[in-house]
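Peer 1: Before we start, here is the structure in question, set down as structure tokens.
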Protein chains: 2
Amino acid sequence: MIVIAERINATRKSIAKALKERDGEFIASETRKQTEAGASFIDVNAGSDPSSEIESLRWAVGIVQENTHLPLCLDCAGARGFEEALKVVEGEVVMLNSVNGEKDKLDAILPIAADRGALLAGLLMDERGLPQSVEDRLEVAEKIVEGANKAGVPTEKLYLDPCIQPLSTTPQDVENVIEAVDKIMGAFPGVHTTAGLSNIGFGLPRRSILNRVFLTYLIGAGMDSAIMDPTEPDMMATVFAAEALSGRDEFCMNYIQAERKGLLRP
Amino acid sequence: MIVIAERINATRKSIAKALKERDGEFIASETRKQTEAGASFIDVNAGSDPSSEIESLRWAVGIVQENTHLPLCLDCAGARGFEEALKVVEGEVVMLNSVNGEKDKLDAILPIAADRGALLAGLLMDERGLPQSVEDRLEVAEKIVEGANKAGVPTEKLYLDPCIQPLSTTPQDVENVIEAVDKIMGAFPGVHTTAGLSNIGFGLPRRSILNRVFLTYLIGAGMDSAIMDPTEPDMMATVFAAEALSGRDEFCMNYIQAERKGLLRP
């Protein structure tokens, strides 16, 4: 399971403040906490203030890199942000988060991903707005996969996100997301699926339990990545247990190893 | 979700001791804890010592009834235990736990259930031993449903248990159990499915997380009851979240109400 750790995101007040005040120790601490919890990538989003986003992103990338051995997932709004941030990224592996099915976005960002050999997260929405059905999602997935392949980004580097909408407002869509993950994993061999989990519980109490239970269903459907907070109690334990119970962890080797590393404890 | 609360079971050392010493306060406290946590039935198993099982069961039934408004689930090995314990059971509703597909068991216990109008939990195993496949389970289910109907126990009173075997020893059976639940709910309209959850994690660390994640998958497959410990942290929250995410809780009404009652908190 590829865990894209989401805590360093300027939509969180504490991160916006740390970015504004250049509080490197706070960013460093968030980086280390997520690394220790078992993340695979550290997402870095500095998008609170458009006038300073790129500068803040470059600064944060520097701090994060000094405090983890993990690759980064750059999370920003436009092509120029990716280009500027990539100049300070060290190491081979990097993920760009994200494109979607909009033609302008794909045209701007696919060449950057191809040129850098980057992994690419793609939201399954486009000019028509948020997807409403399994079919909507499969259509956008096809557009992104074909566009990426043409631009020189292989399917194996794509992480498609079915766009989770809140259970409280769009309950009929929960089943669509699960089915879409299953169908996309079957339709595009080698592709990855991922999802920003934390939307699911919007407006409801105890969001963390909804995150974990929904993650369980998505892993059961074949999802092999998630954009999530690995420091939330029992999130990583849920990942390992769900993989073991879904036939994706022979002899429970990863589960047992995770226990030894202390990753199963709340 | 019908939660059959499992803590009062003589296979637990503390319960065996309380039964032996006639420690009514301990049994009372276990009863109240499970009631407050959100149980639907309180299971009572006094089977540690065959020579005193029936007498202990009758004693425990008395204590449990004084400390809960919930119906009981009598859990014992043979017909005479059920008959004797039923004499001290108050109230209309009671569950008998359990029969299985063995002819002798069915012949002995179905008439008791029919006579008393009791609900009946049935393990999907028979003279051939534990089930190995989905088909094995469907076969035994058919035998139990047909036998029960003939004896005057309607399908709606049956709680069929697919026999969960440990992930560590029988990983290939996990998927069978999930599929069996789905197929049984479809094949016998009105029937319930239930499962003794706590077997799944045998021999593995952090069994409670495996219980919760497996419960999530089973609820997704349509299981509408479980034999479980409702006092385990996040177990009841998992039940409500899984039902909400499986389309079984319109407008998340039960989920929100559970929060108001304090049932979602660890």
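Ordering of the structure tokens sets the chain letters (A, B, ...); residue numbers start at 1 within each chain; ligands are numbered from 1 in the order shown.
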If the cut-off is 10 Å, can you tell me the residues of chain B near chain A, counting only C-alpha atoms? I'd like them as a ChimeraX atom specification.

Peer 2: /B:167-175,200-201,204-207,209-217,220,234,237-247,249-252,255-256,258-260,264-265

Peer 1: As a VMD selection string, which residues of range 16-254 of chain B does DSSP assign to helix (DSSP H, G or I)?

Peer 2: chain B and resid 16 to 20 24 to 37 53 to 66 79 to 86 103 to 116 134 to 151 155 to 157 173 to 187 197 to 199 207 to 220 235 to 245 250 to 254

Peer 1: Can you list, as an MDAnalysis selection string, every protein, DNA or RNA residue that comes within 8 Å of Ala60 in chain B when you count only C-alpha atoms, leaving out same-chain residues fewer than 4 positions away?

Peer 2: chainID B and resid 19 24 27 44 46 56 64

Peer 1: What is the distance, in Å and to one decimal place, between CA of Ala141 in chain B and CA of Ser48 in chain B?

Peer 2: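 It comes out at 28.5 Å.
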
Peer 1: Need to verify the contact set: Glu6 in chain B, 8 Å, only C-alpha atoms, exclusion of same-chain residues closer than 2 positions in sequence. Can you return it as JSON, numbers by chain?

Peer 2: {"B": [4, 8, 9, 42, 43, 44, 227, 228, 229]}

Peer 1: Could you dump the residues just selected with N, CA, C and O atoms as a short mmCIF file (atom, residue, chain, number, x, y, z; two decimals), in the first residue's frame?

Peer 2:
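Generated output (again35.cif):
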```cif
data_model
loop_
_atom_site.label_atom_id
_atom_site.label_comp_id
_atom_site.auth_asym_id
_atom_site.auth_seq_id
_atom_site.Cartn_x
_atom_site.Cartn_y
_atom_site.Cartn_z
N ILE B 4 -24.76 -9.78 19.38
CA ILE B 4 -24.82 -10.80 20.42
C ILE B 4 -23.53 -10.68 21.25
O ILE B 4 -22.45 -11.00 20.77
N ILE B 8 -19.81 -13.04 28.47
CA ILE B 8 -20.13 -13.99 29.55
C ILE B 8 -20.03 -15.41 29.01
O ILE B 8 -21.01 -16.05 28.64
N ASN B 9 -18.80 -15.88 28.94
CA ASN B 9 -18.51 -17.17 28.33
C ASN B 9 -17.46 -17.88 29.18
O ASN B 9 -16.39 -17.32 29.45
N ILE B 42 -27.58 -10.64 25.27
CA ILE B 42 -26.46 -11.02 26.13
C ILE B 42 -26.33 -12.54 26.06
O ILE B 42 -27.22 -13.28 26.49
N ASP B 43 -25.23 -13.00 25.50
CA ASP B 43 -24.95 -14.43 25.44
C ASP B 43 -24.53 -14.92 26.82
O ASP B 43 -23.77 -14.24 27.52
N VAL B 44 -25.05 -16.09 27.21
CA VAL B 44 -24.66 -16.66 28.50
C VAL B 44 -24.21 -18.10 28.27
O VAL B 44 -25.00 -18.96 27.88
N ILE B 227 -21.54 -12.09 16.68
CA ILE B 227 -21.26 -12.51 18.04
C ILE B 227 -19.92 -11.87 18.39
O ILE B 227 -18.89 -12.25 17.84
N MET B 228 -19.95 -10.87 19.24
CA MET B 228 -18.76 -10.03 19.41
C MET B 228 -18.74 -9.36 20.78
O MET B 228 -19.70 -9.46 21.53
N ASP B 229 -17.64 -8.68 21.04
CA ASP B 229 -17.51 -7.96 22.30
C ASP B 229 -17.77 -6.48 22.04
O ASP B 229 -16.90 -5.77 21.53
#
```

Peer 1: May I ask which of the residues A:Ala5, A:Ile63, A:Ala187, A:Leu123 is the closest one to Glu25 in chain A, counting only C-alpha atoms?

Peer 2: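 Nearest candidate to Glu25 in chain A out of A:Ala5, A:Ile63, A:Ala187, A:Leu123: A:Ile63.
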
Peer 1: If we count only C-alpha atoms and set the cut-off at 9 Å, which residues sit around range 102-115 of chain B, ignoring sequence neighbours fewer than 5 positions away in its own chain? Please answer as number ranges by chain.

Peer 2: B: 78-79, 82-83, 95-96, 120, 125-128, 140, 144, 147-148, 151-154

Peer 1: Name the closest residue to Arg137 in chain B among the candidates B:Val191, B:Val61, B:Ala77, B:Ala180; distances are taken between atoms, counting only C-alpha atoms.

Peer 2: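 Under the stated criterion, the closest residue is B:Ala180.
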
Peer 1: Apply DSSP to the backbone of this structure and, from range 52-205 of chain A, keep only the residues in strand (DSSP E or B); write these as a list in words.

Peer 2: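 The strand (DSSP E or B) residues within range 52-205 of chain A come out as Leu72, Cys73, Leu74, Asp75, Val94, Met95, Leu96, Asn97, Ser98, Val99, Asn100, Leu119, Leu120, Ala121, Gly122, Leu123, Asp126, Gly129, Leu158, Tyr159, Leu160, Asp161, His192, Thr193 and Gly196 of chain A.
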
Peer 1: Which of these, B:Arg248, B:Lys157, B:Lys143, B:Lys261, has the shortest distance to Gly101 in chain B once you count only C-alpha atoms?

Peer 2: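 So, comparing all the options, the nearest one is B:Lys143.
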
Peer 1: If I take CA of Gly186 in chain A and CA of Pro131 in chain A, how far is one from the other in Å, to one decimal?

Peer 2: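 So the two atoms, CA of Gly186 in chain A and CA of Pro131 in chain A, lie 19.2 Å apart.
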
Peer 1: How many Å separate CA of Gly81 in chain A from CA of Gly47 in chain A?

Peer 2: 9.9 Å

Peer 1: From the set A:Leu119, A:Ile219, A:Ala195, A:Ala39, which residue has the shortest atom-to-atom contact distance to Leu74 in chain A, counting only C-alpha atoms?

Peer 2: A:Leu119
